[in-house]
Amino acid sequence: MNLRRAIPYLCPLALLAACTDERRFDAGTGGGAGTSESNGSTSGATGTSAGSGVTGGGGGSGSTGGDGSGGSGDEPSREPEEVPVLEDITFYDGYAETVDEPIPDGVIRHNNSLVATRLTDELLAKIQTTLKVRVVVGALCDNYDRLGSVNLALVPKGAQTYVPGEVDRIEIARFVTPFMDMNKQPKTVPYEWEASNLVPILKDPDLLAKHDFWFELGIFGVPYAANDEVPGCAGRNDTQLGSLLLYTDSTREAQDFSVLLPLAISEEFNNYATGASDKVGTTRKTVSFELPADTQNAQLVLITSNHGANQGGEEYIRRDHYVYVDGELALQYKPGRTSCEPFRKYNTQGNGIYGASPRSDKEWQSFSNWCPGDVIDTRIVPWGAASAGTHEFVIDVPDATFAGGEGNIPFSLYVQAR
């Protein structure tokens, strides 16, 4: 079975939200480290990052979430494994010309803030029936909070490199770095997402016959403030270290999807730029797509995060988000944590978000859409059975204002079905 594209397919605009200056325009909503949103979603999957669907499903339970007790029948159980994919990759100034610095064998640098590596047959063979994606970010010469992302690219078989905007890609995880001083402990921050719906894609024989899978790790950064503020950073343009790992075991049955529809990856979503919403003046975005056949079960996988660090900016005001599928309300959520205090220890550079003393839950909930050092939620939107043909997804944030024509809600979406 071939990879199914949406009609129309929305080409990605930019992998990462970029800082326009040294203010905070690049962070996200989080769900990791045991925290939860102050206003839970109706999807029942908030706070975990689930990967993508597939074409050709690699067996399993036929469910989207799998509370199964693991294993696949008579197959012997396997020991859990943590598999390194990328280790201690140095990222550089996201605004500068791409550096020509050494990079490990098998890794390509698309630009200073995006690297990629092909998943080898040996690594793919290690994947069991469940999967977690783990990222570790290390402090170098960027002491502000920045957006990062993990993507999966489906690249023509045998290609030694590729242009990200010319292949199918899905965002499987998004995160925000903390304010970090490289001279202070802790010097690293860990992130983790549930990504078991990647398993059917990574095991699908039809996809494997036509594509290689490449994992991308992106971390945007700029060193300009740290050049002046952090001892040892004068004249340097390295911004962060990044590592990507996979954890896999057989505690549940594999999920079963047979269609993947990549719809958007980090698309602009705001009310002032032409093409960033249905029409200027509204924060409502419609995506039409086509299911190739009737489906027993489908779900949408959505990532959004609110940014805009200017006075009255969107990252400081919690808004209700509404998701509709074929005109029916499928999900309502309001980004934001109960508290960002669990991430204070990673914010070793003084900043105006955390301040000198702990904030109450009420104070955090009065302004924060996300926490520096936290993951950004990937939301699973259950859809269920659906017929072949054209369907419509809508996301609407009716109260968003984007004061001064600044800010953005980077938007990623794909559909899984079987």
# chains A, B, ... in the order shown; residues from 1 in each chain; ligands from 1

$ select_by_dssp --residues "region 112-179 of chain A" --states "strand (DSSP E)" --output "MDAnalysis selection string"
chainID A and resid 114:118 130:139 147:156 168:176

$ write_last_selection --atoms "N, CA and C atoms" --output "mmCIF file, in the first residue's frame"
data_model
loop_
_atom_site.group_PDB
_atom_site.id
_atom_site.type_symbol
_atom_site.label_atom_id
_atom_site.label_comp_id
_atom_site.auth_asym_id
_atom_site.auth_seq_id
_atom_site.Cartn_x
_atom_site.Cartn_y
_atom_site.Cartn_z
ATOM 1 N N LEU A 114 18.866 22.453 12.146
ATOM 2 C CA LEU A 114 18.179 21.223 11.753
ATOM 3 C C LEU A 114 19.175 20.191 11.232
ATOM 4 N N VAL A 115 19.179 19.024 11.890
ATOM 5 C CA VAL A 115 20.011 17.909 11.434
ATOM 6 C C VAL A 115 19.119 16.696 11.239
ATOM 7 N N ALA A 116 19.640 15.687 10.551
ATOM 8 C CA ALA A 116 18.853 14.494 10.269
ATOM 9 C C ALA A 116 19.765 13.287 10.138
ATOM 10 N N THR A 117 19.212 12.101 10.391
ATOM 11 C CA THR A 117 19.947 10.864 10.192
ATOM 12 C C THR A 117 18.975 9.776 9.753
ATOM 13 N N ARG A 118 19.460 8.904 8.881
ATOM 14 C CA ARG A 118 18.632 7.803 8.386
ATOM 15 C C ARG A 118 18.596 6.682 9.422
ATOM 16 N N THR A 130 5.948 -0.854 21.379
ATOM 17 C CA THR A 130 5.699 0.478 21.919
ATOM 18 C C THR A 130 6.939 1.328 21.703
ATOM 19 N N LEU A 131 6.754 2.641 21.780
ATOM 20 C CA LEU A 131 7.873 3.531 21.506
ATOM 21 C C LEU A 131 7.718 4.823 22.294
ATOM 22 N N LYS A 132 8.803 5.279 22.865
ATOM 23 C CA LYS A 132 8.903 6.614 23.440
ATOM 24 C C LYS A 132 10.060 7.335 22.758
ATOM 25 N N VAL A 133 9.863 8.617 22.520
ATOM 26 C CA VAL A 133 10.914 9.471 21.974
ATOM 27 C C VAL A 133 11.479 10.303 23.114
ATOM 28 N N ARG A 134 12.792 10.329 23.211
ATOM 29 C CA ARG A 134 13.458 11.092 24.257
ATOM 30 C C ARG A 134 14.461 12.053 23.630
ATOM 31 N N VAL A 135 14.508 13.267 24.150
ATOM 32 C CA VAL A 135 15.456 14.287 23.722
ATOM 33 C C VAL A 135 16.171 14.818 24.954
ATOM 34 N N VAL A 136 17.464 15.050 24.826
ATOM 35 C CA VAL A 136 18.239 15.710 25.873
ATOM 36 C C VAL A 136 18.909 16.921 25.242
ATOM 37 N N VAL A 137 18.673 18.092 25.824
ATOM 38 C CA VAL A 137 19.267 19.336 25.335
ATOM 39 C C VAL A 137 20.314 19.805 26.336
ATOM 40 N N GLY A 138 21.486 20.143 25.818
ATOM 41 C CA GLY A 138 22.564 20.637 26.655
ATOM 42 C C GLY A 138 22.823 22.107 26.402
ATOM 43 N N ALA A 139 23.243 22.819 27.452
ATOM 44 C CA ALA A 139 23.468 24.252 27.360
ATOM 45 C C ALA A 139 24.798 24.555 26.682
ATOM 46 N N LEU A 147 12.389 27.132 20.641
ATOM 47 C CA LEU A 147 11.607 25.989 20.176
ATOM 48 C C LEU A 147 12.507 24.907 19.592
ATOM 49 N N GLY A 148 12.127 23.663 19.836
ATOM 50 C CA GLY A 148 12.760 22.517 19.207
ATOM 51 C C GLY A 148 11.710 21.564 18.696
ATOM 52 N N SER A 149 12.132 20.641 17.827
ATOM 53 C CA SER A 149 11.178 19.744 17.182
ATOM 54 C C SER A 149 11.857 18.449 16.790
ATOM 55 N N VAL A 150 11.080 17.372 16.808
ATOM 56 C CA VAL A 150 11.504 16.090 16.240
ATOM 57 C C VAL A 150 10.521 15.753 15.131
ATOM 58 N N ASN A 151 11.051 15.462 13.926
ATOM 59 C CA ASN A 151 10.224 15.134 12.772
ATOM 60 C C ASN A 151 10.633 13.790 12.201
ATOM 61 N N LEU A 152 9.715 13.176 11.497
ATOM 62 C CA LEU A 152 9.999 11.969 10.733
ATOM 63 C C LEU A 152 9.820 12.298 9.257
ATOM 64 N N ALA A 153 10.864 12.055 8.474
ATOM 65 C CA ALA A 153 10.830 12.317 7.033
ATOM 66 C C ALA A 153 10.832 11.002 6.275
ATOM 67 N N LEU A 154 9.972 10.911 5.260
ATOM 68 C CA LEU A 154 9.912 9.737 4.386
ATOM 69 C C LEU A 154 10.638 10.092 3.095
ATOM 70 N N VAL A 155 11.835 9.562 2.945
ATOM 71 C CA VAL A 155 12.756 9.966 1.893
ATOM 72 C C VAL A 155 12.859 8.846 0.864
ATOM 73 N N PRO A 156 12.935 9.163 -0.437
ATOM 74 C CA PRO A 156 13.070 8.112 -1.441
ATOM 75 C C PRO A 156 14.206 7.147 -1.116
ATOM 76 N N ASP A 168 7.642 14.025 2.157
ATOM 77 C CA ASP A 168 6.624 13.941 3.207
ATOM 78 C C ASP A 168 7.304 13.913 4.570
ATOM 79 N N ARG A 169 6.815 14.768 5.466
ATOM 80 C CA ARG A 169 7.352 14.851 6.821
ATOM 81 C C ARG A 169 6.203 15.059 7.791
ATOM 82 N N ILE A 170 6.343 14.524 8.988
ATOM 83 C CA ILE A 170 5.386 14.779 10.055
ATOM 84 C C ILE A 170 6.150 15.186 11.302
ATOM 85 N N GLU A 171 5.574 16.127 12.042
ATOM 86 C CA GLU A 171 6.157 16.511 13.328
ATOM 87 C C GLU A 171 5.649 15.547 14.383
ATOM 88 N N ILE A 172 6.563 14.938 15.105
ATOM 89 C CA ILE A 172 6.162 13.963 16.118
ATOM 90 C C ILE A 172 6.385 14.456 17.542
ATOM 91 N N ALA A 173 7.117 15.545 17.703
ATOM 92 C CA ALA A 173 7.348 16.079 19.048
ATOM 93 C C ALA A 173 7.808 17.523 18.930
ATOM 94 N N ARG A 174 7.412 18.341 19.894
ATOM 95 C CA ARG A 174 7.843 19.736 19.969
ATOM 96 C C ARG A 174 8.165 20.047 21.423
ATOM 97 N N PHE A 175 9.139 20.906 21.633
ATOM 98 C CA PHE A 175 9.551 21.219 22.998
ATOM 99 C C PHE A 175 10.117 22.631 23.046
ATOM 100 N N VAL A 176 10.338 23.119 24.271
ATOM 101 C CA VAL A 176 10.934 24.432 24.447
ATOM 102 C C VAL A 176 12.107 24.311 25.409
#

$ closest_atom_pairs --of "region 259-366 of chain A" --to "region 189-211 of chain A" --cutoff "12 Å" --atoms "only C-alpha atoms" --output "CSV"
residue,atom,partner,partner_atom,distance
A:Val259,CA,A:Ile201,CA,9.3
A:Leu260,CA,A:Ile201,CA,8.5
A:Leu261,CA,A:Ile201,CA,11.9
A:Gln299,CA,A:Asn197,CA,10.9
A:Leu300,CA,A:Asn197,CA,11.7
A:Val301,CA,A:Asn197,CA,10.2
A:Pro342,CA,A:Val189,CA,11.9
A:Phe343,CA,A:Val189,CA,9.1
A:Arg344,CA,A:Val189,CA,11.1
A:Lys345,CA,A:Val189,CA,9.4
A:Tyr346,CA,A:Val189,CA,6.4
A:Asn347,CA,A:Val189,CA,9.4
A:Thr348,CA,A:Val189,CA,11.0

$ atom_distance --atom1 "CA of Ile127 (chain A)" --atom2 "CA of Trp214 (chain A)"
14.7 Å

$ select_by_dssp --residues "region 172-375 of chain A" --states "alpha helix (DSSP H)" --output "list in words"
Val199, Pro200, Ile201, Leu202, Lys203, Pro205, Asp206, Leu207, Leu208, Ala209, Lys210, Tyr224, Ala225, Ala226, Asn227, Asp228, Glu229, Asp361, Lys362, Glu363, Trp364 and Gln365 of chain A

$ write_last_selection --atoms "C-alpha atoms" --output "mmCIF file, in the first residue's frame"
data_model
loop_
_atom_site.group_PDB
_atom_site.id
_atom_site.type_symbol
_atom_site.label_atom_id
_atom_site.label_comp_id
_atom_site.auth_asym_id
_atom_site.auth_seq_id
_atom_site.Cartn_x
_atom_site.Cartn_y
_atom_site.Cartn_z
ATOM 1 C CA VAL A 199 5.594 1.734 15.317
ATOM 2 C CA PRO A 200 3.258 0.754 12.434
ATOM 3 C CA ILE A 201 4.970 3.245 10.127
ATOM 4 C CA LEU A 202 8.456 2.055 11.008
ATOM 5 C CA LYS A 203 7.456 -1.577 10.481
ATOM 6 C CA PRO A 205 6.897 -3.297 4.454
ATOM 7 C CA ASP A 206 5.306 -1.260 1.663
ATOM 8 C CA LEU A 207 6.691 1.969 3.014
ATOM 9 C CA LEU A 208 10.074 0.397 3.658
ATOM 10 C CA ALA A 209 10.227 -0.780 0.046
ATOM 11 C CA LYS A 210 9.927 2.791 -1.252
ATOM 12 C CA TYR A 224 23.879 37.156 20.711
ATOM 13 C CA ALA A 225 22.789 37.726 24.317
ATOM 14 C CA ALA A 226 25.007 34.940 25.645
ATOM 15 C CA ASN A 227 28.008 36.431 23.824
ATOM 16 C CA ASP A 228 27.770 39.327 26.297
ATOM 17 C CA GLU A 229 26.089 37.730 29.319
ATOM 18 C CA ASP A 361 -0.462 28.032 40.722
ATOM 19 C CA LYS A 362 -2.842 30.956 40.302
ATOM 20 C CA GLU A 363 -0.007 33.224 39.179
ATOM 21 C CA TRP A 364 1.228 30.704 36.611
ATOM 22 C CA GLN A 365 -2.256 30.172 35.292
#

$ residues_around --residues "Gly350 (chain A)" --least-positions-apart "4" --cutoff "9 Å" --atoms "only C-alpha atoms" --output "PyMOL selection string"
chain A and resi 179-181+354-356

$ residues_around --residues "Val85 (chain A)" --least-positions-apart "6" --cutoff "9 Å" --atoms "only C-alpha atoms" --output "list in words"
Thr117, Arg118, Leu119, Leu123, Phe215, Ser243, Leu244, Leu245 and Leu246 of chain A

$ write_last_selection --atoms "C-alpha atoms" --output "PDB file, in the first residue's frame"
ATOM      1  CA  THR A 117      19.947  10.864  10.192  1.00  0.00           C
ATOM      2  CA  ARG A 118      18.632   7.803   8.386  1.00  0.00           C
ATOM      3  CA  LEU A 119      17.302   4.963  10.518  1.00  0.00           C
ATOM      4  CA  LEU A 123      18.002   0.253  14.429  1.00  0.00           C
ATOM      5  CA  PHE A 215      14.669  11.364  12.022  1.00  0.00           C
ATOM      6  CA  SER A 243      20.596  14.141  21.591  1.00  0.00           C
ATOM      7  CA  LEU A 244      17.719  11.961  20.397  1.00  0.00           C
ATOM      8  CA  LEU A 245      16.954   8.495  21.780  1.00  0.00           C
ATOM      9  CA  LEU A 246      14.204   5.921  21.360  1.00  0.00           C
TER      10      LEU A 246
END

$ closest_residue --among "A:Asp105, A:Gln349, A:Tyr247, A:Cys141" --to "Lys184 (chain A)" --atoms "only C-alpha atoms"
A:Gln349

$ residues_around --residues "Asn369 (chain A)" --least-positions-apart "3" --cutoff "9 Å" --atoms "only C-alpha atoms" --output "list in words"
Gly28, Thr29, Gly30, Ser305, Asn306, His307, Glu314, Glu315, Tyr316, Ile317, Arg318, Arg319, Lys334, Pro335, Gly336, Arg337, Trp364 and Gln365 of chain A

$ residues_around --residues "Thr129 (chain A)" --least-positions-apart "3" --cutoff "6 Å" --atoms "only C-alpha atoms" --output "PyMOL selection string"
chain A and resi 250+253-254

$ closest_residue --among "A:Pro80, A:Pro410, A:Gly158, A:Gly384" --to "Phe213 (chain A)" --atoms "only C-alpha atoms"
A:Gly158

$ closest_residue --among "A:Pro382, A:Gly94, A:Pro102, A:Gly407" --to "Ala276 (chain A)" --atoms "only C-alpha atoms"
A:Gly407
